[in-house]
Structures are given as C-alpha cells and as structure tokens.
>>> print(open('model.cif').read())   # mmCIF, C-alpha atoms
data_run
loop_
_atom_site.label_atom_id
_atom_site.label_comp_id
_atom_site.auth_asym_id
_atom_site.auth_seq_id
_atom_site.Cartn_x
_atom_site.Cartn_y
_atom_site.Cartn_z
CA MET Q 1 12.59 -5.66 -0.24
CA GLU Q 2 15.80 -6.22 -2.20
CA ILE Q 3 17.05 -3.96 -4.97
CA ALA Q 4 19.64 -4.81 -7.64
CA ILE Q 5 20.87 -2.29 -10.19
CA ILE Q 6 22.31 -3.32 -13.55
CA GLU Q 7 23.44 -0.89 -16.23
CA GLN Q 8 22.65 -1.99 -19.81
CA ASP Q 9 24.12 0.53 -22.26
CA THR Q 10 22.14 3.72 -21.68
CA VAL Q 11 19.41 2.04 -19.65
CA THR Q 12 19.57 1.32 -15.91
CA LEU Q 13 17.60 -1.73 -14.83
CA VAL Q 14 16.33 -1.58 -11.26
CA THR Q 15 15.22 -5.04 -10.17
CA ILE Q 16 13.07 -5.05 -7.05
CA ARG Q 17 12.06 -8.11 -5.05
CA GLY Q 18 9.48 -8.42 -2.28
CA SER Q 19 7.22 -5.76 -0.77
CA VAL Q 20 7.53 -2.01 -1.19
CA ASP Q 21 5.96 -0.39 1.85
CA SER Q 22 6.12 2.54 4.26
CA LEU Q 23 9.18 1.07 5.97
CA ASN Q 24 11.37 0.71 2.88
CA ALA Q 25 10.05 2.95 0.07
CA ASP Q 26 12.70 5.58 0.87
CA GLN Q 27 15.38 3.00 0.03
CA LEU Q 28 13.82 2.55 -3.40
CA THR Q 29 13.74 6.31 -3.98
CA ALA Q 30 17.39 6.60 -2.93
CA ALA Q 31 18.45 3.62 -5.08
CA CYS Q 32 16.85 5.21 -8.15
CA ALA Q 33 18.18 8.69 -7.34
CA GLU Q 34 21.77 7.44 -7.42
CA PRO Q 35 22.01 6.67 -11.19
CA ILE Q 36 19.83 9.69 -11.97
CA GLY Q 37 22.37 11.82 -10.09
CA ARG Q 38 25.03 10.51 -12.49
CA GLY Q 39 22.94 11.50 -15.50
CA ARG Q 40 21.56 8.01 -16.12
CA VAL Q 41 17.93 9.03 -16.53
CA ARG Q 42 16.59 6.07 -18.52
CA LEU Q 43 15.33 3.66 -15.86
CA VAL Q 44 13.41 0.41 -16.08
CA ALA Q 45 11.92 -0.89 -12.83
CA ASP Q 46 11.55 -4.68 -12.98
CA PHE Q 47 8.49 -5.46 -10.87
CA GLY Q 48 8.41 -9.16 -11.77
CA ALA Q 49 9.17 -10.22 -8.18
CA VAL Q 50 7.21 -7.45 -6.42
CA THR Q 51 4.18 -8.87 -4.65
CA TYR Q 52 2.98 -5.76 -2.81
CA THR Q 53 3.21 -2.02 -2.94
CA SER Q 54 1.46 0.53 -0.76
CA SER Q 55 1.00 4.23 -1.47
CA ALA Q 56 4.53 4.78 -0.13
CA GLY Q 57 5.85 2.76 -3.07
CA LEU Q 58 3.64 4.72 -5.47
CA ARG Q 59 5.02 8.00 -4.14
CA SER Q 60 8.55 6.66 -4.66
CA LEU Q 61 7.75 5.82 -8.30
CA LEU Q 62 6.15 9.23 -8.78
CA ALA Q 63 9.18 11.08 -7.40
CA THR Q 64 11.49 8.98 -9.59
CA VAL Q 65 9.54 9.38 -12.83
CA LYS Q 66 9.31 13.14 -12.31
CA ASP Q 67 13.05 13.28 -11.72
CA CYS Q 68 13.80 11.26 -14.89
CA ARG Q 69 11.43 13.15 -17.17
CA ARG Q 70 12.65 16.54 -15.93
CA GLN Q 71 16.05 15.53 -17.34
CA GLY Q 72 14.79 14.10 -20.60
CA GLY Q 73 14.62 10.48 -19.47
CA ASP Q 74 11.89 8.23 -18.18
CA LEU Q 75 11.06 5.53 -15.64
CA ARG Q 76 9.35 2.58 -17.30
CA ILE Q 77 7.76 -0.31 -15.45
CA ALA Q 78 8.12 -3.96 -16.45
CA ALA Q 79 6.46 -7.26 -15.56
CA LEU Q 80 3.82 -6.08 -13.06
CA GLN Q 81 2.11 -8.82 -11.08
CA PRO Q 82 -1.72 -8.64 -11.19
CA GLN Q 83 -2.17 -7.52 -7.56
CA VAL Q 84 0.35 -4.73 -7.91
CA GLU Q 85 -0.96 -3.68 -11.33
CA ARG Q 86 -4.42 -3.35 -9.77
CA VAL Q 87 -3.06 -0.98 -7.10
CA LEU Q 88 -1.35 1.12 -9.79
CA ALA Q 89 -4.53 1.18 -11.89
CA ILE Q 90 -6.77 2.21 -8.97
CA SER Q 91 -4.37 5.07 -8.23
CA GLY Q 92 -4.27 6.36 -11.81
CA PHE Q 93 -0.62 5.37 -12.25
CA THR Q 94 -1.18 3.08 -15.23
CA SER Q 95 -2.06 6.15 -17.28
CA ILE Q 96 0.99 8.23 -16.31
CA LEU Q 97 3.63 5.48 -16.36
CA LYS Q 98 4.66 3.48 -19.40
CA ILE Q 99 4.18 -0.17 -18.55
CA PHE Q 100 5.63 -3.15 -20.42
CA PRO Q 101 4.96 -6.89 -20.13
CA ASP Q 102 8.64 -7.72 -19.63
CA CYS Q 103 12.08 -6.15 -19.08
CA ASP Q 104 13.33 -6.71 -22.63
CA SER Q 105 10.49 -4.73 -24.17
CA ALA Q 106 10.84 -1.98 -21.56
CA VAL Q 107 14.61 -1.69 -22.12
CA GLY Q 108 14.10 -1.93 -25.91
CA SER Q 109 11.52 0.87 -25.87
CA PHE Q 110 14.28 3.35 -25.08
CA ALA Q 111 16.34 2.20 -28.07
CA ALA Q 112 13.30 2.50 -30.34
CA ALA Q 113 12.79 6.09 -29.25
CA ALA Q 114 16.47 7.05 -29.56
CA MET W 1 -1.94 -15.23 23.24
CA THR W 2 -5.55 -16.22 22.88
CA VAL W 3 -6.47 -19.79 22.14
CA PRO W 4 -7.50 -20.17 18.49
CA PRO W 5 -11.20 -20.97 18.11
CA ARG W 6 -12.11 -24.59 17.50
CA SER W 7 -12.67 -25.33 13.85
CA ASP W 8 -16.41 -25.83 14.37
CA ALA W 9 -16.78 -22.54 16.28
CA PRO W 10 -18.14 -19.47 14.45
CA PRO W 11 -15.63 -16.75 13.53
CA ALA W 12 -14.90 -14.66 16.58
CA PRO W 13 -13.08 -11.44 17.42
CA THR W 14 -9.60 -12.04 16.20
CA GLY W 15 -7.15 -9.71 17.83
CA ARG W 16 -6.09 -6.35 19.06
CA VAL W 17 -2.77 -4.51 19.23
CA SER W 18 -2.23 -1.30 21.18
CA CYS W 19 1.03 0.50 20.54
CA THR W 20 2.61 3.89 20.03
CA ALA W 21 1.74 5.49 16.69
CA GLU W 22 5.20 5.19 15.15
CA ARG W 23 6.70 3.33 12.21
CA ALA W 24 8.60 0.87 14.41
CA CYS W 25 5.23 -0.65 15.39
CA LEU W 26 4.09 -1.25 11.82
CA PRO W 27 5.39 -4.84 11.60
CA ARG W 28 3.35 -5.79 14.69
CA LEU W 29 0.22 -4.22 13.24
CA LEU W 30 0.70 -5.92 9.87
CA ALA W 31 1.33 -9.25 11.61
CA LEU W 32 -2.10 -8.92 13.27
CA ILE W 33 -3.92 -8.70 9.94
CA ASP W 34 -1.77 -11.40 8.34
CA ASP W 35 -2.52 -13.76 11.26
CA ALA W 36 -6.23 -12.96 11.08
CA CYS W 37 -6.31 -13.70 7.35
CA GLU W 38 -4.53 -16.99 7.86
CA ARG W 39 -6.78 -18.01 10.73
CA HIS W 40 -9.95 -17.27 8.79
CA GLY W 41 -8.77 -18.83 5.54
CA VAL W 42 -8.95 -15.52 3.65
CA ASP W 43 -7.94 -15.88 -0.02
CA ALA W 44 -4.65 -14.36 -1.20
CA GLN W 45 -6.22 -11.45 -3.10
CA THR W 46 -8.38 -10.36 -0.15
CA GLY W 47 -5.47 -10.86 2.25
CA HIS W 48 -3.32 -8.60 0.07
CA ASP W 49 -6.02 -5.91 0.08
CA LEU W 50 -6.55 -6.14 3.85
CA ARG W 51 -2.82 -5.78 4.51
CA LEU W 52 -2.71 -2.72 2.28
CA ILE W 53 -5.73 -1.20 4.03
CA VAL W 54 -4.14 -1.73 7.45
CA GLU W 55 -0.81 -0.23 6.34
CA GLU W 56 -2.44 2.86 4.83
CA ALA W 57 -4.77 3.46 7.78
CA CYS W 58 -2.05 2.98 10.42
CA VAL W 59 0.53 5.10 8.58
CA ASN W 60 -1.99 7.94 8.30
CA VAL W 61 -2.34 7.93 12.10
CA MET W 62 1.45 7.69 12.55
CA ASP W 63 2.08 10.60 10.19
CA TYR W 64 -0.74 13.00 11.00
CA ALA W 65 -2.62 12.29 14.23
CA TYR W 66 -0.03 13.60 16.68
CA PRO W 67 2.43 16.51 16.78
CA PRO W 68 5.82 15.61 15.22
CA GLY W 69 8.05 13.80 17.71
CA ARG W 70 5.25 13.30 20.24
CA PRO W 71 3.39 10.16 19.11
CA GLY W 72 0.46 8.91 21.18
CA PRO W 73 -1.49 5.67 21.32
CA LEU W 74 -2.82 3.70 18.36
CA THR W 75 -5.07 0.67 18.73
CA LEU W 76 -5.85 -1.73 15.90
CA GLN W 77 -8.59 -4.30 16.27
CA ILE W 78 -9.49 -6.99 13.74
CA GLU W 79 -12.75 -8.91 13.88
CA ALA W 80 -14.30 -11.54 11.66
CA LEU W 81 -18.06 -11.07 11.60
CA THR W 82 -20.75 -13.18 9.99
CA GLU W 83 -24.20 -11.78 9.23
CA GLY W 84 -26.54 -14.25 7.57
CA THR W 85 -24.56 -15.80 4.74
CA ARG W 86 -22.12 -12.93 4.49
CA SER W 87 -18.79 -12.72 6.32
CA ALA W 88 -16.57 -9.71 6.68
CA ILE W 89 -13.27 -8.71 8.17
CA VAL W 90 -13.75 -5.53 10.19
CA ILE W 91 -10.71 -3.36 10.89
CA SER W 92 -10.99 -0.69 13.60
CA LEU W 93 -8.38 1.95 14.39
CA GLU W 94 -8.48 4.25 17.37
CA ASP W 95 -6.19 7.12 18.25
CA GLN W 96 -6.23 10.02 20.69
CA GLY W 97 -4.87 12.51 18.19
CA MET W 98 -6.53 15.62 16.87
CA PRO W 99 -10.01 15.07 15.40
CA PHE W 100 -9.59 14.04 11.78
CA ASP W 101 -12.08 12.45 9.40
CA PRO W 102 -10.06 10.69 6.68
CA LEU W 103 -13.25 10.20 4.66
CA ALA W 104 -13.62 13.96 4.32
CA LEU W 105 -10.59 14.01 2.00
CA PRO W 106 -11.58 14.49 -1.64
CA PRO W 107 -10.58 11.60 -3.93
CA PRO W 108 -7.44 12.29 -5.98
CA ASP W 109 -7.97 13.43 -9.57
CA GLN W 110 -7.54 10.28 -11.66
CA ASN W 111 -6.90 12.32 -14.79
CA ALA W 112 -4.26 14.58 -13.30
CA ALA W 113 -1.17 15.11 -15.42
CA LEU W 114 2.09 13.81 -14.01
CA GLU W 115 3.19 17.14 -12.56
CA ALA W 116 -0.17 17.65 -10.87
CA MET W 117 -0.42 14.09 -9.57
CA PRO W 118 -1.29 14.42 -5.90
CA VAL W 119 1.03 12.73 -3.41
CA GLY W 120 -1.34 13.05 -0.47
CA GLY W 121 -4.67 11.30 -0.16
CA LEU W 122 -3.55 8.23 -2.09
CA GLY W 123 -3.68 6.02 0.99
CA VAL W 124 -7.28 6.90 1.84
CA HIS W 125 -8.20 6.50 -1.82
CA LEU W 126 -6.79 2.95 -1.78
CA ILE W 127 -8.67 2.17 1.46
CA ARG W 128 -11.96 3.29 -0.13
CA GLU W 129 -11.37 1.36 -3.32
CA LEU W 130 -10.24 -1.89 -1.69
CA SER W 131 -12.87 -2.09 1.07
CA ASP W 132 -16.66 -2.20 1.09
CA VAL W 133 -17.72 -0.02 4.04
CA GLN W 134 -15.82 2.82 5.74
CA HIS W 135 -16.97 4.76 8.76
CA TYR W 136 -15.44 7.50 10.91
CA ARG W 137 -16.60 8.92 14.18
CA ARG W 138 -15.11 11.05 16.93
CA ASP W 139 -15.76 9.44 20.28
CA PRO W 140 -15.44 11.52 23.48
CA GLU W 141 -13.35 8.79 25.12
CA ARG W 142 -11.96 6.61 22.35
CA GLY W 143 -10.93 9.55 20.16
CA ASN W 144 -10.79 9.03 16.40
CA VAL W 145 -12.50 5.76 15.52
CA PHE W 146 -12.06 4.64 11.91
CA THR W 147 -13.79 1.40 10.93
CA ILE W 148 -13.24 -0.38 7.62
CA SER W 149 -15.06 -3.53 6.49
CA LYS W 150 -14.34 -5.88 3.65
CA TYR W 151 -16.68 -8.69 2.70
CA LEU W 152 -15.21 -12.13 2.18
CA VAL W 153 -16.03 -13.99 -0.97
CA PRO W 154 -17.10 -17.54 -0.07
CA GLN W 155 -14.40 -20.04 -0.94
CA GLN W 156 -15.19 -22.28 -3.89
CA HIS W 157 -15.14 -25.94 -2.93
CA THR W 158 -14.41 -28.19 -5.86
#
>>> encode(input="model.cif", output="structure tokens")
Amino acid sequence: MEIAIIEQDTVTLVTIRGSVDSLNADQLTAACAEPIGRGRVRLVADFGAVTYTSSAGLRSLLATVKDCRRQGGDLRIAALQPQVERVLAISGFTSILKIFPDCDSAVGSFAAAA
Amino acid sequence: MTVPPRSDAPPAPTGRVSCTAERACLPRLLALIDDACERHGVDAQTGHDLRLIVEEACVNVMDYAYPPGRPGPLTLQIEALTEGTRSAIVISLEDQGMPFDPLALPPPDQNAALEAMPVGGLGVHLIRELSDVQHYRRDPERGNVFTISKYLVPQQHT
C-alpha cells in the first residue's frame, strides 16, 4: 500500500494505492490522523487504485470518519473499484459513508455544502 | 515443494502451511491461497474473496486464540475438491488456542448508526458472506478446526 496526501484548499485528498490489509491498515489510520490533528477534517479518500481491503481497512475508515465528523468534517470515498465496493456494501459501510464516482465530485461536495 | 499436478490430473490437495499465529506469518499464509488460486485457474473475483477469507480467518486466530504475547501454532490447509460437476476450494484452519466458535458470533447490525457501528465481528461476517459453507468443531487433538468452502463457478469457454 502507498499513500499520498495532497491538500486542495480546505479538502485533504488521501490517495491510496494497492491493498489495505491487517499488516498496513494502521499506516492508513495514522496518515489520516495527521491532517485531522491539524484541524483539516474534510478528507477525501481516493480508492481508484485500491484493489483489496479487509476488515482491518474498514476499521481504519470507520475510525477516521468518526474522528472527522466529531470535529464537524467528514471522510468521503471516491472511485471505488467493484470488488472493494462489494466488501464495503456487505459490511454496511456504503450506507454510513458518502461515496462518489470520482475525486472531483467528492472534493466538490464539500464546497457545495460550505 | 510439491510437484504440481499434471494438467490432466484431477484437482488435488493443494497445500499446507504451519506457523506461529502472529502477523509476521500472514504473507506466507496469503501466498498459499494465492498460489492455490493460480494453480486451479480460479477467476479474479473468487480469488479476491478467497484471499479475504484467509486473511480474516487467520487474523482472528492471531488476535484471539492465544494469550497476548504467547502465540501458539496455526495451520492453514487449502484443498481443491470436485464433487460431481461442482468444484470448491476448501480452507481449513487449526489452532491449539482456547475453544472458540467464530460462527457463534452474532452478525453485525447492518442498520447501525455510525457511532454504534461494531468494530468486532466484521471479519467473520465477511467470511460468511463471501463463502458458501462454514463449519467449526473442537477436536480433542487438533484443537479449533474451522473449515470454509467456496464453490467455483465453471469458467466460460468462448
């Protein structure tokens, strides 16, 4: 798994590549916690290049979205691949997370709400 | 290493890894299922699901079977079985930890609000949803024996 973080105005784009699993999910949680710790609580996770996530990845997303919403922000998910979307749907995550077809619409959704 | 079966041979038992139930062994365990999927020509979707099942089942043993800091043995066995026209990949896990039936866990509440979203039990929920048959038994010698089967969809030949 590789993580790249780009700040776009008030939104922080977290681009993830590869597999999110039990061996690396803590890195994802830590990478998201860093901007949140600086008050940047509007996050978009770009899942376009994520081919696999286990329940460890789901727990990381859950911890992050709770953290963001507690501070008035949100974690929004963009560009899910079908296999990963299926795992999120089976786990009930597609009803608690806001999911967008691409990064632009996910980033733009924050501006629309502002 | 075992010799791969000849291409005209029926699917046969595929592999077994015995290791200590700790995270460092996870790549070896995942490699076993990935190799089995490749050897048996399993499609990408099913291979994805089988890898997820193996990760969730193994991590449950690593996290809960043994007292913290004192991990014991974990054995993963993968078999490809054919019964009539139906083929399945059968995943078996054994550990010598405390008796624990993962299938006794209630399924997580799908309609839970965010704050009430359960963090435990998700792995077993995914195993149930992504496989076809699950079975647990406590064996006097083999310990916890958790068996998970997933049927293979016949490949379309065009």
>>> atom_distance(input="model.cif", atom1="CA of Tyr52 (chain Q)", atom2="CA of Gly69 (chain W)")
28.8 Å
>>> residues_near_point(input="model.cif", point="(20.9, 15.3, -12.9)", cutoff="10 Å", atoms="all atoms listed in the file", output="MDAnalysis selection string")
chainID Q and resid 33:41 67:68 70:72
>>> atom_distance(input="model.cif", atom1="CA of Pro140 (chain W)", atom2="CA of Val17 (chain W)")
20.9 Å
>>> atom_distance(input="model.cif", atom1="CA of Ser87 (chain W)", atom2="CA of Pro107 (chain W)")
27.6 Å
>>> resolve_selection(input="model.cif", expression="the PyMOL selection byres ((chain W and resi 55) around 12)", output="MDAnalysis selection string")
(chainID Q and resid 20:23 52:57) or (chainID W and resid 22:23 25:34 48:54 56:63 76 91 93 123:124 126:127)
>>> closest_residue(input="model.cif", among="Q:Ile5, Q:Leu58, Q:Ala31, Q:Ala49", to="Ala89 (chain Q)", atoms="only C-alpha atoms")
Q:Leu58
>>> resolve_selection(input="model.cif", expression="the PyMOL selection byres ((chain W and resi 20) around 6)", output="PyMOL selection string")
chain W and resi 19+21-22+72-74
>>> residues_around(input="model.cif", residues="Pro154 (chain W)", least_positions_apart="2", cutoff="12 Å", atoms="only C-alpha atoms", output="list of chain:residue names")
W:His40, W:Gly41, W:Val42, W:Asp43, W:Thr46, W:Thr82, W:Thr85, W:Arg86, W:Ser87, W:Ala88, W:Tyr151, W:Leu152, W:Gln156, W:His157
>>> resolve_selection(input="model.cif", expression="the PyMOL selection byres ((chain W and resi 133) around 9)", output="list of chain:residue names")
W:Arg128, W:Ser131, W:Asp132, W:Gln134, W:His135, W:Thr147, W:Ile148, W:Ser149, W:Lys150, W:Tyr151
>>> closest_residue(input="model.cif", among="W:Leu114, W:Ala65, W:Val145, W:Cys37", to="chain Q", atoms="only C-alpha atoms")
W:Leu114
>>> closest_residue(input="model.cif", among="Q:Leu80, Q:Val14, Q:Ala63, Q:Val107", to="chain W", atoms="all atoms listed in the file")
Q:Ala63
>>> residues_around(input="model.cif", residues="Asp74 (chain Q)", least_positions_apart="6", cutoff="10 Å", atoms="only C-alpha atoms", output="ChimeraX atom specification")
/Q:11,40-44,64-68,97-98,110
>>> residues_near_point(input="model.cif", point="(-15.0, 10.9, 8.9)", cutoff="7 Å", atoms="only C-alpha atoms", output="ChimeraX atom specification")
/W:100-104,135-137
>>> closest_residue(input="model.cif", among="Q:Ala112, Q:Ile99, Q:Val50, Q:Ile90", to="Gln110 (chain W)", atoms="all atoms listed in the file")
Q:Ile90
>>> closest_residue(input="model.cif", among="Q:Ile77, Q:Ala45, Q:Val87, Q:Cys32", to="chain W", atoms="all atoms listed in the file")
Q:Val87
>>> closest_residue(input="model.cif", among="Q:Ser19, Q:Ser109, Q:Thr10, Q:Thr29", to="chain W", atoms="all atoms listed in the file")
Q:Ser19
>>> residues_around(input="model.cif", residues="Asp46 (chain Q)", least_positions_apart="3", cutoff="12 Å", atoms="only C-alpha atoms", output="PyMOL selection string")
chain Q and resi 2-6+12-18+43+49-51+75-81+99-107
>>> write_last_selection(input="model.cif", atoms="C-alpha atoms", output="compact mmCIF listing (two decimals), keeping the file's coordinate frame")
# COMPACT_ATOMS: atom_id res chain seq x y z
CA GLU Q 2 15.80 -6.22 -2.20
CA ILE Q 3 17.05 -3.96 -4.97
CA ALA Q 4 19.64 -4.81 -7.64
CA ILE Q 5 20.87 -2.29 -10.19
CA ILE Q 6 22.31 -3.32 -13.55
CA THR Q 12 19.57 1.32 -15.91
CA LEU Q 13 17.60 -1.73 -14.83
CA VAL Q 14 16.33 -1.58 -11.26
CA THR Q 15 15.22 -5.04 -10.17
CA ILE Q 16 13.07 -5.05 -7.05
CA ARG Q 17 12.06 -8.11 -5.05
CA GLY Q 18 9.48 -8.42 -2.28
CA LEU Q 43 15.33 3.66 -15.86
CA ALA Q 49 9.17 -10.22 -8.18
CA VAL Q 50 7.21 -7.45 -6.42
CA THR Q 51 4.18 -8.87 -4.65
CA LEU Q 75 11.06 5.53 -15.64
CA ARG Q 76 9.35 2.58 -17.30
CA ILE Q 77 7.76 -0.31 -15.45
CA ALA Q 78 8.12 -3.96 -16.45
CA ALA Q 79 6.46 -7.26 -15.56
CA LEU Q 80 3.82 -6.08 -13.06
CA GLN Q 81 2.11 -8.82 -11.08
CA ILE Q 99 4.18 -0.17 -18.55
CA PHE Q 100 5.63 -3.15 -20.42
CA PRO Q 101 4.96 -6.89 -20.13
CA ASP Q 102 8.64 -7.72 -19.63
CA CYS Q 103 12.08 -6.15 -19.08
CA ASP Q 104 13.33 -6.71 -22.63
CA SER Q 105 10.49 -4.73 -24.17
CA ALA Q 106 10.84 -1.98 -21.56
CA VAL Q 107 14.61 -1.69 -22.12
>>> build_atoms(input="model.cif", residues="region 54-84 of chain W", atoms="N, CA and C atoms", output="compact mmCIF listing (two decimals), in the coordinates of the input")
# COMPACT_ATOMS: atom_id res chain seq x y z
N VAL W 54 -4.68 -1.93 6.10
CA VAL W 54 -4.14 -1.73 7.45
C VAL W 54 -2.90 -0.84 7.39
N GLU W 55 -2.00 -1.09 6.43
CA GLU W 55 -0.81 -0.23 6.34
C GLU W 55 -1.20 1.23 6.12
N GLU W 56 -2.08 1.47 5.15
CA GLU W 56 -2.44 2.86 4.83
C GLU W 56 -3.11 3.56 6.02
N ALA W 57 -4.03 2.84 6.67
CA ALA W 57 -4.77 3.46 7.78
C ALA W 57 -3.84 3.74 8.96
N CYS W 58 -2.96 2.79 9.28
CA CYS W 58 -2.05 2.98 10.42
C CYS W 58 -1.02 4.08 10.13
N VAL W 59 -0.49 4.10 8.91
CA VAL W 59 0.53 5.10 8.58
C VAL W 59 -0.07 6.51 8.61
N ASN W 60 -1.34 6.63 8.21
CA ASN W 60 -1.99 7.94 8.30
C ASN W 60 -2.02 8.44 9.74
N VAL W 61 -2.33 7.55 10.68
CA VAL W 61 -2.34 7.93 12.10
C VAL W 61 -0.92 8.29 12.54
N MET W 62 0.06 7.45 12.15
CA MET W 62 1.45 7.69 12.55
C MET W 62 1.97 9.03 12.03
N ASP W 63 1.54 9.39 10.82
CA ASP W 63 2.08 10.60 10.19
C ASP W 63 1.35 11.88 10.57
N TYR W 64 0.05 11.76 10.89
CA TYR W 64 -0.74 13.00 11.00
C TYR W 64 -1.51 13.19 12.29
N ALA W 65 -1.71 12.13 13.09
CA ALA W 65 -2.62 12.29 14.23
C ALA W 65 -2.00 13.13 15.35
N TYR W 66 -0.69 12.99 15.52
CA TYR W 66 -0.03 13.60 16.68
C TYR W 66 1.02 14.62 16.24
N PRO W 67 1.38 15.54 17.14
CA PRO W 67 2.43 16.51 16.78
C PRO W 67 3.75 15.77 16.50
N PRO W 68 4.55 16.28 15.56
CA PRO W 68 5.82 15.61 15.22
C PRO W 68 6.67 15.36 16.48
N GLY W 69 7.18 14.13 16.60
CA GLY W 69 8.05 13.80 17.71
C GLY W 69 7.33 13.48 19.01
N ARG W 70 5.99 13.60 19.01
CA ARG W 70 5.25 13.30 20.24
C ARG W 70 4.11 12.33 19.95
N PRO W 71 4.44 11.11 19.48
CA PRO W 71 3.39 10.16 19.11
C PRO W 71 2.61 9.67 20.31
N GLY W 72 1.33 9.44 20.13
CA GLY W 72 0.46 8.91 21.18
C GLY W 72 0.00 7.51 20.83
N PRO W 73 -1.06 7.05 21.51
CA PRO W 73 -1.49 5.67 21.32
C PRO W 73 -2.24 5.42 20.00
N LEU W 74 -2.09 4.19 19.53
CA LEU W 74 -2.82 3.70 18.36
C LEU W 74 -3.27 2.28 18.70
N THR W 75 -4.55 2.01 18.50
CA THR W 75 -5.07 0.67 18.73
C THR W 75 -5.68 0.14 17.44
N LEU W 76 -5.29 -1.06 17.08
CA LEU W 76 -5.85 -1.73 15.90
C LEU W 76 -6.59 -2.97 16.38
N GLN W 77 -7.83 -3.11 15.93
CA GLN W 77 -8.59 -4.30 16.27
C GLN W 77 -9.11 -4.94 14.99
N ILE W 78 -9.00 -6.25 14.91
CA ILE W 78 -9.49 -6.99 13.74
C ILE W 78 -10.56 -7.96 14.21
N GLU W 79 -11.69 -7.95 13.55
CA GLU W 79 -12.75 -8.91 13.88
C GLU W 79 -13.22 -9.59 12.61
N ALA W 80 -13.64 -10.83 12.76
CA ALA W 80 -14.30 -11.54 11.66
C ALA W 80 -15.76 -11.67 12.05
N LEU W 81 -16.64 -11.06 11.27
CA LEU W 81 -18.06 -11.07 11.60
C LEU W 81 -18.84 -11.79 10.52
N THR W 82 -19.87 -12.51 10.95
CA THR W 82 -20.75 -13.18 9.99
C THR W 82 -22.17 -12.69 10.23
N GLU W 83 -22.83 -12.26 9.15
CA GLU W 83 -24.20 -11.78 9.23
C GLU W 83 -24.97 -12.53 8.15
N GLY W 84 -25.85 -13.41 8.56
CA GLY W 84 -26.54 -14.25 7.57
C GLY W 84 -25.51 -15.10 6.85
